[in-house]
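What follows is upload_12.tsv (TSV, C-alpha atoms and all ligand atoms).
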```
chain	number	residue	atom	x	y	z
X	1284	MET	CA	111.41	-62.87	56.49
X	1285	ILE	CA	110.27	-66.28	55.16
X	1286	LYS	CA	108.69	-65.90	51.79
X	1287	ASN	CA	105.26	-67.31	51.09
X	1288	PRO	CA	105.67	-69.40	47.91
X	1289	ASN	CA	102.17	-68.31	46.87
X	1290	ALA	CA	102.98	-64.61	47.04
X	1291	LEU	CA	105.13	-62.10	45.27
X	1292	LYS	CA	107.73	-60.28	47.33
X	1293	PHE	CA	109.53	-57.25	46.03
X	1294	ILE	CA	111.39	-54.20	47.31
X	1295	HIS	CA	110.40	-50.61	46.58
X	1296	LEU	CA	113.42	-48.36	46.88
X	1297	THR	CA	113.51	-44.77	45.65
X	1298	ASP	CA	115.46	-41.57	45.14
X	1299	PRO	CA	119.03	-42.62	45.94
X	1300	HIS	CA	120.37	-39.36	44.34
X	1301	VAL	CA	123.86	-40.81	43.86
X	1302	ALA	CA	126.59	-38.30	42.95
X	1303	GLY	CA	129.73	-38.80	40.87
X	1304	GLN	CA	133.08	-39.26	42.60
X	1305	GLU	CA	131.00	-40.29	45.61
X	1306	ALA	CA	130.47	-36.57	46.29
X	1307	LEU	CA	128.26	-35.17	49.03
X	1308	VAL	CA	124.64	-34.16	48.42
X	1309	TYR	CA	123.29	-31.75	51.04
X	1310	GLY	CA	126.27	-32.70	53.20
X	1311	ARG	CA	125.62	-36.44	53.08
X	1312	ARG	CA	127.14	-39.16	50.94
X	1313	PRO	CA	124.31	-40.84	49.02
X	1314	THR	CA	126.50	-43.74	47.93
X	1315	GLU	CA	126.83	-44.83	51.54
X	1316	ARG	CA	123.06	-44.92	51.96
X	1317	LEU	CA	122.58	-46.88	48.75
X	1318	ARG	CA	125.29	-49.29	49.83
X	1319	ALA	CA	123.61	-49.73	53.22
X	1320	ALA	CA	120.24	-50.39	51.57
X	1321	ILE	CA	121.77	-52.98	49.24
X	1322	ASP	CA	123.59	-54.63	52.15
X	1323	SER	CA	120.30	-54.79	54.03
X	1324	ILE	CA	118.44	-56.32	51.10
X	1325	ASN	CA	121.22	-58.83	50.44
X	1326	MET	CA	121.29	-59.79	54.11
X	1327	ASP	CA	117.58	-59.94	54.96
X	1328	HIS	CA	115.58	-60.02	51.73
X	1329	ASP	CA	117.58	-61.84	49.12
X	1330	ASN	CA	114.51	-64.02	48.59
X	1331	ALA	CA	112.69	-61.03	47.08
X	1332	ASP	CA	111.62	-61.54	43.48
X	1333	PHE	CA	112.95	-58.14	42.40
X	1334	VAL	CA	113.75	-54.58	43.45
X	1335	VAL	CA	112.15	-51.54	41.82
X	1336	ILE	CA	113.95	-48.19	42.12
X	1337	THR	CA	111.48	-45.45	41.25
X	1338	GLY	CA	113.79	-42.78	39.90
X	1339	ASP	CA	116.21	-40.00	40.83
X	1340	LEU	CA	118.91	-42.65	40.63
X	1341	THR	CA	121.45	-39.81	40.50
X	1342	HIS	CA	121.43	-36.22	41.75
X	1343	HIS	CA	122.96	-34.43	38.74
X	1344	GLY	CA	122.40	-36.96	35.96
X	1345	ASP	CA	126.08	-37.09	35.02
X	1346	MET	CA	128.02	-40.04	33.63
X	1347	ASP	CA	130.23	-40.35	36.70
X	1348	ALA	CA	127.20	-40.67	38.94
X	1349	TYR	CA	125.67	-43.44	36.81
X	1350	GLU	CA	128.99	-45.25	36.89
X	1351	VAL	CA	129.00	-45.12	40.70
X	1352	PHE	CA	125.33	-46.11	40.81
X	1353	ALA	CA	125.88	-49.05	38.44
X	1354	ARG	CA	128.88	-50.22	40.43
X	1355	GLU	CA	126.85	-50.30	43.64
X	1356	LEU	CA	123.89	-51.93	41.94
X	1357	ARG	CA	126.05	-54.81	40.73
X	1358	ARG	CA	126.37	-55.82	44.40
X	1359	LEU	CA	122.61	-56.35	44.66
X	1360	SER	CA	121.76	-60.06	44.78
X	1361	VAL	CA	118.19	-59.52	43.55
X	1362	PRO	CA	117.15	-58.51	39.99
X	1363	SER	CA	116.31	-54.83	39.64
X	1364	HIS	CA	114.03	-52.62	37.54
X	1365	LEU	CA	115.05	-49.00	37.15
X	1366	LEU	CA	112.89	-45.95	36.54
X	1367	VAL	CA	114.13	-42.43	35.88
X	1368	GLY	CA	113.12	-39.22	37.66
X	1369	ASN	CA	113.61	-35.51	37.13
X	1370	HIS	CA	117.19	-35.64	38.47
X	1371	ASP	CA	118.14	-38.27	35.91
X	1372	ASP	CA	119.44	-37.87	32.38
X	1373	ALA	CA	118.12	-40.34	29.83
X	1374	ARG	CA	121.29	-40.38	27.68
X	1375	ALA	CA	123.72	-40.78	30.55
X	1376	PHE	CA	121.46	-43.45	32.02
X	1377	ALA	CA	121.33	-45.31	28.70
X	1378	TYR	CA	125.13	-45.38	28.49
X	1379	GLN	CA	125.35	-47.35	31.74
X	1380	PHE	CA	122.12	-49.30	31.32
X	1381	PRO	CA	121.64	-49.95	27.61
X	1382	GLU	CA	119.67	-53.11	28.31
X	1383	THR	CA	116.89	-51.34	30.25
X	1384	GLN	CA	113.47	-51.71	28.61
X	1385	ARG	CA	112.25	-48.82	26.49
X	1386	CYS	CA	108.99	-48.22	24.68
X	1387	GLU	CA	108.87	-47.72	20.90
X	1388	HIS	CA	109.26	-43.96	21.40
X	1389	GLY	CA	112.46	-44.34	23.41
X	1390	PHE	CA	111.01	-43.56	26.83
X	1391	ILE	CA	112.32	-45.71	29.67
X	1392	GLN	CA	109.14	-47.70	30.09
X	1393	GLY	CA	108.66	-51.42	30.35
X	1394	SER	CA	106.72	-54.24	31.91
X	1395	LYS	CA	107.15	-57.41	33.89
X	1396	ARG	CA	104.68	-60.25	34.12
X	1397	THR	CA	104.35	-61.92	37.51
X	1398	PRO	CA	102.04	-64.69	38.79
X	1399	PHE	CA	100.09	-61.96	40.59
X	1400	GLY	CA	99.74	-59.42	37.84
X	1401	LEU	CA	101.48	-57.20	35.37
X	1402	CYS	CA	103.97	-54.58	36.61
X	1403	LEU	CA	104.23	-51.48	34.42
X	1404	PHE	CA	107.22	-49.17	34.84
X	1405	LEU	CA	106.43	-45.65	33.59
X	1406	ASP	CA	108.70	-42.77	32.54
X	1407	THR	CA	107.36	-39.44	33.86
X	1408	SER	CA	110.55	-37.43	33.33
X	1409	GLU	CA	110.83	-34.56	30.86
X	1410	LYS	CA	114.11	-32.86	30.00
X	1411	GLY	CA	114.31	-29.27	31.26
X	1412	THR	CA	111.72	-29.50	34.00
X	1413	SER	CA	111.46	-31.05	37.44
X	1414	LYS	CA	107.73	-31.49	36.91
X	1415	GLY	CA	106.19	-34.77	35.92
X	1416	VAL	CA	104.99	-35.21	32.35
X	1417	TYR	CA	103.13	-38.10	30.72
X	1418	CYS	CA	102.69	-37.11	27.09
X	1419	GLU	CA	100.36	-38.56	24.49
X	1420	LYS	CA	102.99	-41.00	23.18
X	1421	ARG	CA	103.52	-42.38	26.66
X	1422	ARG	CA	99.78	-42.48	27.31
X	1423	THR	CA	99.26	-44.45	24.09
X	1424	TRP	CA	101.90	-46.96	25.16
X	1425	LEU	CA	100.20	-47.32	28.56
X	1426	ALA	CA	96.75	-47.67	27.00
X	1427	ASN	CA	98.01	-50.43	24.72
X	1428	ALA	CA	99.80	-52.20	27.57
X	1429	LEU	CA	96.59	-52.16	29.61
X	1430	GLU	CA	94.46	-53.31	26.66
X	1431	GLU	CA	96.77	-56.25	25.93
X	1432	THR	CA	96.10	-57.89	29.31
X	1433	ASP	CA	93.08	-58.48	31.49
X	1434	GLY	CA	94.64	-59.40	34.85
X	1435	PRO	CA	95.69	-57.30	37.82
X	1436	VAL	CA	98.18	-54.47	37.29
X	1437	MET	CA	100.63	-52.59	39.52
X	1438	LEU	CA	102.02	-49.26	38.33
X	1439	PHE	CA	105.41	-47.74	39.19
X	1440	MET	CA	106.24	-44.12	38.43
X	1441	HIS	CA	108.52	-41.37	39.71
X	1442	HIS	CA	106.11	-38.41	39.88
X	1443	PRO	CA	102.86	-38.91	41.79
X	1444	PRO	CA	99.80	-38.17	39.66
X	1445	PHE	CA	98.09	-36.95	42.85
X	1446	ALA	CA	98.70	-34.20	45.42
X	1447	ILE	CA	100.14	-35.15	48.82
X	1448	GLY	CA	99.51	-31.86	50.61
X	1449	ILE	CA	103.06	-30.46	50.51
X	1450	PRO	CA	102.86	-27.39	48.21
X	1451	ASN	CA	106.32	-27.66	46.65
X	1452	THR	CA	105.92	-31.36	45.89
X	1453	ASP	CA	102.41	-30.87	44.57
X	1454	ASP	CA	103.65	-28.17	42.21
X	1455	SER	CA	105.91	-30.71	40.50
X	1456	LYS	CA	103.51	-33.66	40.46
X	1457	LEU	CA	102.42	-35.18	37.16
X	1458	GLN	CA	101.16	-32.14	35.24
X	1459	ASP	CA	98.84	-34.03	32.90
X	1460	SER	CA	97.29	-36.21	35.56
X	1461	GLU	CA	93.76	-35.83	34.17
X	1462	ALA	CA	94.80	-37.20	30.79
X	1463	PHE	CA	96.72	-39.93	32.62
X	1464	TRP	CA	93.60	-40.75	34.62
X	1465	HIS	CA	91.55	-41.12	31.45
X	1466	VAL	CA	93.90	-43.93	30.42
X	1467	LEU	CA	93.60	-45.65	33.79
X	1468	ALA	CA	89.89	-45.14	34.40
X	1469	PRO	CA	88.57	-47.98	32.17
X	1470	HIS	CA	90.91	-50.37	34.04
X	1471	LYS	CA	90.47	-48.94	37.51
X	1472	GLN	CA	89.09	-52.14	39.02
X	1473	ARG	CA	92.20	-54.15	38.16
X	1474	ILE	CA	94.88	-51.57	38.99
X	1475	ARG	CA	95.88	-52.82	42.39
X	1476	HIS	CA	98.40	-50.20	43.47
X	1477	ILE	CA	100.51	-47.25	42.30
X	1478	PHE	CA	104.05	-46.99	43.72
X	1479	VAL	CA	105.68	-43.54	43.43
X	1480	GLY	CA	108.98	-41.83	44.13
X	1481	HIS	CA	109.76	-38.09	44.09
X	1482	ALA	CA	107.99	-37.23	47.37
X	1483	HIS	CA	110.91	-38.27	49.61
X	1484	ARG	CA	108.29	-39.13	52.18
X	1485	VAL	CA	106.33	-42.16	53.28
X	1486	MET	CA	102.64	-41.76	52.52
X	1487	PHE	CA	99.80	-44.14	51.90
X	1488	GLY	CA	96.28	-43.62	50.70
X	1489	ASN	CA	94.25	-43.88	47.58
X	1490	TRP	CA	93.76	-41.83	44.46
X	1491	ARG	CA	90.25	-42.06	43.05
X	1492	GLY	CA	89.94	-45.48	44.63
X	1493	ILE	CA	93.34	-46.89	43.61
X	1494	SER	CA	95.70	-47.52	46.53
X	1495	VAL	CA	99.00	-45.65	46.41
X	1496	SER	CA	102.21	-45.42	48.40
X	1497	GLY	CA	105.49	-43.53	48.42
X	1498	MET	CA	108.73	-44.20	50.27
X	1499	ARG	CA	111.42	-42.09	51.90
X	1500	GLY	CA	114.42	-41.19	49.80
X	1501	LEU	CA	117.74	-42.81	50.59
X	1502	ASN	CA	119.87	-39.68	51.04
X	1503	HIS	CA	117.56	-36.88	52.22
X	1504	GLN	CA	113.89	-36.21	52.85
X	1505	VAL	CA	111.35	-33.54	52.04
X	1506	MET	CA	110.34	-32.00	55.34
X	1507	LEU	CA	106.71	-32.40	56.34
X	1508	GLU	CA	105.69	-28.78	55.76
X	1509	LEU	CA	101.98	-29.03	55.12
X	1510	ASN	CA	101.19	-25.41	55.97
X	1511	ARG	CA	104.20	-23.57	54.59
X	1512	GLN	CA	103.10	-20.09	53.51
X	1513	GLN	CA	106.24	-18.78	51.84
X	1514	ALA	CA	107.79	-20.17	48.66
X	1515	GLY	CA	110.38	-22.95	48.87
X	1516	GLN	CA	110.73	-26.19	50.70
X	1517	SER	CA	112.97	-27.50	53.46
X	1518	GLY	CA	114.70	-30.85	53.46
X	1519	ASN	CA	115.86	-32.88	56.43
X	1520	PHE	CA	117.58	-36.12	57.34
X	1521	GLU	CA	114.85	-38.31	58.67
X	1522	ALA	CA	116.07	-41.90	58.43
X	1523	PRO	CA	116.00	-43.55	55.00
X	1524	ALA	CA	113.73	-46.49	54.32
X	1525	TYR	CA	112.69	-48.93	51.66
X	1526	GLY	CA	109.42	-50.75	51.17
X	1527	ILE	CA	108.92	-54.51	51.32
X	1528	VAL	CA	105.86	-55.43	49.31
X	1529	LEU	CA	103.96	-58.69	49.66
X	1530	ALA	CA	101.34	-59.28	47.00
X	1531	ASP	CA	99.10	-62.25	46.30
X	1532	ALA	CA	95.72	-62.91	44.77
X	1533	ASP	CA	93.96	-61.14	47.67
X	1534	GLN	CA	96.08	-58.18	48.68
X	1535	VAL	CA	99.03	-55.86	48.31
X	1536	MET	CA	100.80	-55.14	51.62
X	1537	VAL	CA	103.60	-52.57	51.98
X	1538	HIS	CA	105.99	-52.62	54.93
X	1539	MET	CA	108.28	-49.65	55.50
X	1540	HIS	CA	111.71	-50.91	56.54
X	1541	ASP	CA	113.72	-48.39	58.56
X	1542	PHE	CA	116.87	-50.26	57.60
X	1543	THR	CA	119.40	-48.09	59.45
X	1544	ASP	CA	117.65	-48.52	62.81
X	1545	ARG	CA	119.95	-50.24	65.31
X	1546	SER	CA	117.69	-50.34	68.37
X	1547	ASP	CA	117.95	-53.56	70.35
X	1548	PRO	CA	115.16	-56.11	69.96
X	1549	PHE	CA	113.39	-57.46	73.04
X	1550	PRO	CA	110.89	-60.25	73.64
X	1551	LEU	CA	107.20	-59.29	73.40
W	1	FE	FE	114.25	-37.15	44.41
```
Step by step, read the file and then write its structure as structure tokens.
Amino acid sequence: MIKNPNALKFIHLTDPHVAGQEALVYGRRPTERLRAAIDSINMDHDNADFVVITGDLTHHGDMDAYEVFARELRRLSVPSHLLVGNHDDARAFAYQFPETQRCEHGFIQGSKRTPFGLCLFLDTSEKGTSKGVYCEKRRTWLANALEETDGPVMLFMHHPPFAIGIPNTDDSKLQDSEAFWHVLAPHKQRIRHIFVGHAHRVMFGNWRGISVSGMRGLNHQVMLELNRQQAGQSGNFEAPAYGIVLADADQVMVHMHDFTDRSDPFPL
């Protein structure tokens, strides 16, 4: 894909769930999927400005897993920005990635200025729960970050602050989404998109007028069970994907790249 010099191009990749010792997760080897995604990016999209990985970098949050994850990530030819999710462990993560941006309260939050707006990377993880949390300290950091600029903003976070219609996923969405919304609301007109992980599904839409998208996980997916009556949730092995995002002064466009597809091309 030839890059428009007047646009930003970045990759949205999420939920690799890497395990230590290259172990299996739900019968699959997540390292292989991460490796395939990195190979694909290096081969076809090394002109991307950066890659954002929106959390659940590892499955069990152990040191071995972060070592494997870091080793694979070093092969990536594009700069990366890492978020943590509910499967991650902040201390083990910090051991492998001490240089990752943190806010003054120690949460793994940071920002990146681009010619087409400010990217804010949020930490929605909370030790001891799989549910998303965005506490007052984090909200204050976000409020200040938004106040300090007046241009367009793109947000990246692991837990969606909105429901997607899958009961089990919605139960673990950002629990304090109303308080989160109160921080965003004064800036709604300039928040151009929210990119989320956690859902292990591709979905697009908008939340209170702000466009949003989520991507498939790399290792396994959350099955599309919109009407499940009983408790629990099934997973499955729909193909992994990553997003290719093209953003300029007019628009934000998200392509889903089914990077393991090997079907033969033909002339149209
Ligand atoms: Fe996940």
| request: Report as a ChimeraX atom specification which protein, DNA and RNA residues come within 9 Å of ligand FE 1 (chain W), using all atoms listed in the file. | output: /X:1297-1300,1338-1342,1368-1370,1441,1480-1483,1500,1503-1505
| said: Give me, as an MDAnalysis selection string, all polymer residues having an atom no more than 10 Å from segment 1434-1437 of chain X, counting only C-alpha atoms and skipping those fewer than 6 positions away in the same chain. | reply: chainID X and resid 1394:1404 1470:1478 1494:1495 1532 1535
| request: Figure out the distance between atom CA of Ile1294 of chain X and atom CA of Thr1337 of chain X, please, to one decimal in Å. | output: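 Going from atom CA of Thr1337 of chain X over to atom CA of Ile1294 of chain X covers 10.6 Å.
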| Closest to Lys1456 of chain X among X:Leu1529, X:Met1506, X:Val1416, X:Ala1524, using only C-alpha atoms? | X:Val1416
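Our summary of the geometry notes that atom CA of Asp1371 of chain X is positioned 28.9 Å from atom CA of Asn1330 of chain X.
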Residues near segment 1308-1317 of chain X, anyone? I mean within 7 Å using all atoms listed in the file, not counting same-chain ones fewer than 3 positions away, as a PDB file with C-alpha atoms, in the frame of the given file.
```
ATOM      1  CA  PRO X1299     119.030 -42.620  45.940  1.00  0.00           C
ATOM      2  CA  HIS X1300     120.370 -39.360  44.340  1.00  0.00           C
ATOM      3  CA  VAL X1301     123.860 -40.810  43.860  1.00  0.00           C
ATOM      4  CA  ALA X1302     126.590 -38.300  42.950  1.00  0.00           C
ATOM      5  CA  GLU X1305     131.000 -40.290  45.610  1.00  0.00           C
ATOM      6  CA  ALA X1320     120.240 -50.390  51.570  1.00  0.00           C
ATOM      7  CA  ILE X1321     121.770 -52.980  49.240  1.00  0.00           C
ATOM      8  CA  LEU X1501     117.740 -42.810  50.590  1.00  0.00           C
ATOM      9  CA  ASN X1502     119.870 -39.680  51.040  1.00  0.00           C
TER      10      ASN X1502
END
```
| query | How many Å separate atom CA of Leu1429 of chain X from atom CA of Glu1409 of chain X? | reply | 22.7 Å
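Each of X:Gln1379, X:Gln1512, X:Gln1458, X:Gln1392 was compared to Gly1344 of chain X using only C-alpha atoms, and X:Gln1379 turns out to be the nearest.
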| said: From the options X:Pro1548, X:Gly1393, X:Gly1526, X:Gly1448, which residue's atoms come nearest to Val1367 of chain X, counting all atoms listed in the file? | reply: X:Gly1393
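Comparing the minimum interatomic distances between Phe1463 of chain X and each of X:Gly1515, X:Gly1303, X:Gly1415, X:Gly1497, counting all atoms listed in the file, we find that X:Gly1415 sits nearest.
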| message | Using only C-alpha atoms, can you tell me which of X:Ala1426, X:Ala1530, X:Lys1414, X:Phe1380 comes closest to Asn1287 of chain X? | response |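 So, comparing all the options, the nearest one is X:Ala1530.
Between Ala1468 of chain X and the residues X:Asp1547, X:Ile1336, X:Ile1493, X:Arg1484, the shortest atom-to-atom distance, using all atoms listed in the file, involves X:Ile1493.
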Would you give the centre and edge lengths, in Å to one decimal, of a box along x, y and z around the listed atoms of segment 1477-1495 of chain X, with 4 Å added to each side, as lines of an AutoDock Vina configuration file?
```
center_x = 100.4
center_y = -42.4
center_z = 47.8
size_x = 29.0
size_y = 18.3
size_z = 19.0
```
| message | Using only C-alpha atoms - which residues lie no farther than 8 Å from the point (118.0, -58.1, 42.0) in the file's frame? Write them as a PyMOL selection string. | response | chain X and resi 1331-1334+1359-1363
Atoms kept (C-alpha atoms) for selection, written as an mmCIF file, in the frame of the given file:
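Saved the output as selection-v5.cif:
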```cif
data_model
loop_
_atom_site.group_PDB
_atom_site.id
_atom_site.type_symbol
_atom_site.label_atom_id
_atom_site.label_comp_id
_atom_site.auth_asym_id
_atom_site.auth_seq_id
_atom_site.Cartn_x
_atom_site.Cartn_y
_atom_site.Cartn_z
ATOM 1 C CA ALA X 1331 112.690 -61.030 47.080
ATOM 2 C CA ASP X 1332 111.620 -61.540 43.480
ATOM 3 C CA PHE X 1333 112.950 -58.140 42.400
ATOM 4 C CA VAL X 1334 113.750 -54.580 43.450
ATOM 5 C CA LEU X 1359 122.610 -56.350 44.660
ATOM 6 C CA SER X 1360 121.760 -60.060 44.780
ATOM 7 C CA VAL X 1361 118.190 -59.520 43.550
ATOM 8 C CA PRO X 1362 117.150 -58.510 39.990
ATOM 9 C CA SER X 1363 116.310 -54.830 39.640
#
```
Expected answer as a compact mmCIF listing (two decimals) with C-alpha atoms, keeping the file's coordinate frame: all residues with atoms within 12 Å of (121.4, -55.8, 54.8), only C-alpha atoms:
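Output below, filename part-v9.txt:
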```
# COMPACT_ATOMS: atom_id res chain seq x y z
CA ARG X 1316 123.06 -44.92 51.96
CA LEU X 1317 122.58 -46.88 48.75
CA ARG X 1318 125.29 -49.29 49.83
CA ALA X 1319 123.61 -49.73 53.22
CA ALA X 1320 120.24 -50.39 51.57
CA ILE X 1321 121.77 -52.98 49.24
CA ASP X 1322 123.59 -54.63 52.15
CA SER X 1323 120.30 -54.79 54.03
CA ILE X 1324 118.44 -56.32 51.10
CA ASN X 1325 121.22 -58.83 50.44
CA MET X 1326 121.29 -59.79 54.11
CA ASP X 1327 117.58 -59.94 54.96
CA HIS X 1328 115.58 -60.02 51.73
CA ASP X 1329 117.58 -61.84 49.12
CA ARG X 1358 126.37 -55.82 44.40
CA LEU X 1359 122.61 -56.35 44.66
CA SER X 1360 121.76 -60.06 44.78
CA TYR X 1525 112.69 -48.93 51.66
CA HIS X 1540 111.71 -50.91 56.54
CA ASP X 1541 113.72 -48.39 58.56
CA PHE X 1542 116.87 -50.26 57.60
CA THR X 1543 119.40 -48.09 59.45
CA ASP X 1544 117.65 -48.52 62.81
CA ARG X 1545 119.95 -50.24 65.31
```
